[in-house]
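Take a look at the structure set out below.
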Amino acid sequence: MRTLTNITGIGDPFVLNDGGMYYMYATSSKEGIRVWRGSTPDKVELVGFCYSKENSFGDDCFWAPEVIKRADGKYVMHFTARDRADGILRTGVAVSDSPTGPFLDAVPGKPMFSIGKATIDATCFVDDDGQAYLFYVKDCSVNIIDGIHTSQIYGVKLESDLVTLAGEPVLIATPDQAWETHSLGAPCLGEIDKEQFKDGKTRFLWNEGPYVLKHNGKYYMTYSANCFDSPDYSVGYAVADTPLGKYVKYAGNPIMSKIDGELSGPGHNAFFKDDNGNLMCAFHCHTDYDKPSGDRRYCLCPAEFDKNGVLKLFYK
């Protein structure tokens with residue numbers, strides 16, 4: 001059963017269980033990235049900023065932070081920020097001695113990488129053999145395919161420092177299932193007045209917010225689709241035999257979606273294990289069911305793989 005915490009005004013929550021202490025990071029401020037801490041994942045309290053705008057390559061849009069503990073004991077944060085040099089959304093990487101920070105850019109004043117297009121929603125996965133991978137999103141703000149603004153998920157190998165790219169990115173997922181390609185009247189971004197289409201609308205499509213798990217030798221990538229401020233923001237997943245695919249989307253998608261009258265826009269999830277080894281899912285939903293927006297609530301639910309390898313989220 002889901003837990004809707006009292007933490008609102010956030011988005012894209014990520015939970016790190018570090019030795020029985022839980023740290024929750026989220027999109028929450030234009031001034032940087034904040035962290036919450038607690039002895040249980042559902043009752044965390046604000047510690048403060050763990051990454052500050054003053055010491056960042058970015059000056060706005062501090063989104064979707066995720067933290068992983070590196071083999072050398074350092075903590076590495078991947079996140080999004082708007083590059084102060086040219087205003088483009090880019091993937092950042094920062095390192096700290098503590099999960100509460102301060103995190104500092106791995107290369108002072110520089111993003112993790114630049115591909116000439118906006119990138120967001122980075123997540124790091126380390127396989128059993130120690131090989132690390134980064135999954136990120138080419139953002140729909142500037143990624144236009146056949147006239148449609150499209151967010152797509154890419155993956156690439158990383159060096160052991162979790163900072164340096166070690167290969168060429170490959171396309172992992174693009175919007176192509178019916179639930180993620182239908183027309184939405186999203187309040188903010190779903191349809192914007194233009195002359196490009198006969199009906200006067202420019203279309204946006206999303207595959208974003210990836211997270212990768214391994215189960216029984218298979219790689220599961222969850223992701224979100226549709227607009228973040230639409231009630232139809234939802235979660236699906238895809239499965240592959242190798243970390244960089246080919247990923248095949250689950251026919252039963254979405255596995256998390258709105259509940260009429262109760263839950264609006266659940267999405268941008270991440271996983272962690274609690275102290276008992278149970279798989280848990282952190283996600284957000286709209287704080288005000290009747291007025292979906294960027295104001296979202298930190299939520300939790302149990303998760304598991306059934307005997308057939310189907311990923312289940314117990315959010316209802």
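How things are named: the first chain in the structure tokens is A, the next is B, and so on; residues count from 1 in each chain; ligands count from 1 in the order shown.
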Distance table requested - stretch 98-202 of chain A against stretch 54-73 of chain A, cut-off 10 Å, only C-alpha atoms: one row per qualifying residue with the closest atom pair and its distance in Å to one decimal, ordered by chain and rising residue number, as CSV.
```
residue,atom,partner,partner_atom,distance
A:Ser98,CA,A:Gly73,CA,9.0
A:Pro99,CA,A:Val67,CA,7.7
A:Pro102,CA,A:Asn55,CA,9.8
A:Phe103,CA,A:Asn55,CA,9.1
A:Leu104,CA,A:Asn55,CA,6.9
A:Asp105,CA,A:Ser56,CA,6.5
A:Val107,CA,A:Phe57,CA,9.2
A:Pro108,CA,A:Phe57,CA,7.4
A:Gly109,CA,A:Phe57,CA,4.2
A:Lys110,CA,A:Phe57,CA,5.2
A:Pro111,CA,A:Phe57,CA,6.3
A:Met112,CA,A:Phe57,CA,9.8
A:Ile120,CA,A:Trp63,CA,7.8
A:Asp121,CA,A:Ala64,CA,5.7
A:Ala122,CA,A:Ala64,CA,7.6
A:Thr123,CA,A:Glu66,CA,6.5
A:Cys124,CA,A:Ile68,CA,7.5
A:Phe125,CA,A:Ile68,CA,8.9
A:Val126,CA,A:Ile68,CA,9.4
A:Gly130,CA,A:Ala71,CA,9.1
A:Ser160,CA,A:Ala71,CA,8.3
A:Asp161,CA,A:Arg70,CA,7.5
A:Leu162,CA,A:Arg70,CA,7.6
```
List every residue of stretch 54-267 of chain A that DSSP, applied to the backbone of this structure, assigns to helix (DSSP H, G or I), and report them as a list in words.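 So the helix (DSSP H, G or I) residues in stretch 54-267 of chain A would be Glu54, Asn55, Ala178, Trp179 and Glu180 of chain A.
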Excluding stretch 278-288 of chain A and its own-chain neighbours fewer than 2 positions away, which residues fall within 7 Å of it when counting only C-alpha atoms? Please give them as a ChimeraX atom specification. /A:8,11-15,263-274,276,290-293,295-304
Can you list, as a count of residues only, all residues belonging to stretch 119-273 of chain A that DSSP tags as strand (DSSP E)? 74
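Counting only C-alpha atoms, A:Ile145 has the following residues at most 12 Å away, ignoring those fewer than 3 positions along the same chain: A:Lys138, A:Asp139, A:Cys140, A:Ser141, A:Val142, A:Ile148, A:His149, A:Thr150, A:Ser151, A:Gln152, A:Thr174, A:Pro175, A:Thr202, A:Arg203, A:Phe204, A:Leu205, A:Trp206.
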As an exercise, work out the distance from atom CA of A:Asn17 to atom CA of A:Gly92 in Å and give it to one decimal place. 21.9 Å
When you count only C-alpha atoms, which of these residues is closest to A:Cys50: A:Lys74, A:Lys258, A:Arg90, A:Arg34? A:Arg34
Given only C-alpha atoms as the counted atoms, nearest of A:Gly167, A:Pro41, A:Gly309, A:Gly116 to A:Tyr220: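 Checking each candidate against A:Tyr220, we get A:Gly309 as the closest.
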Using only C-alpha atoms, determine which residues lie at most 6 Å from A:Tyr223, disregarding the query and same-chain residues fewer than 3 positions distant; provide the list as number ranges by chain. A: 208-210, 235-237
Excluding same-chain residues fewer than 5 positions from A:Asp306, what lies within 12 Å of it counting only C-alpha atoms, as a compact mmCIF listing (two decimals) with N, CA, C and O atoms, in the first residue's frame?
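What landed in around17.txt:
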```txt
# COMPACT_ATOMS: atom_id res chain seq x y z
N HIS A 215 17.31 -8.24 -12.18
CA HIS A 215 16.60 -9.32 -11.51
C HIS A 215 16.72 -10.59 -12.34
O HIS A 215 16.35 -10.60 -13.52
N ASN A 216 17.26 -11.63 -11.72
CA ASN A 216 17.41 -12.93 -12.39
C ASN A 216 18.10 -12.80 -13.75
O ASN A 216 17.69 -13.41 -14.74
N LEU A 311 7.32 -7.03 -12.93
CA LEU A 311 7.53 -6.05 -11.86
C LEU A 311 6.20 -5.49 -11.42
O LEU A 311 5.41 -4.99 -12.22
N LYS A 312 5.97 -5.54 -10.10
CA LYS A 312 4.71 -5.08 -9.52
C LYS A 312 4.99 -3.90 -8.57
O LYS A 312 5.91 -3.96 -7.76
N LEU A 313 4.18 -2.87 -8.66
CA LEU A 313 4.22 -1.74 -7.73
C LEU A 313 2.90 -1.71 -6.96
O LEU A 313 1.83 -1.58 -7.56
```
By how many Å are atom CA of A:Phe79 and atom CA of A:Leu171 apart? 19.6 Å
Atom CA of A:Arg37 to atom CA of A:Tyr23: how many Å, to one decimal? 4.6 Å
Write out as a ChimeraX atom specification which residues come within 10 Å of A:Gly217 when counting only C-alpha atoms, dropping same-chain ones fewer than 4 positions away. /A:128,240-242
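Restricting the calculation to only C-alpha atoms, the smallest distance between A:Pro231 and any of A:Tyr315, A:Lys218, A:Ala173, A:Ser257 is found for A:Ser257.
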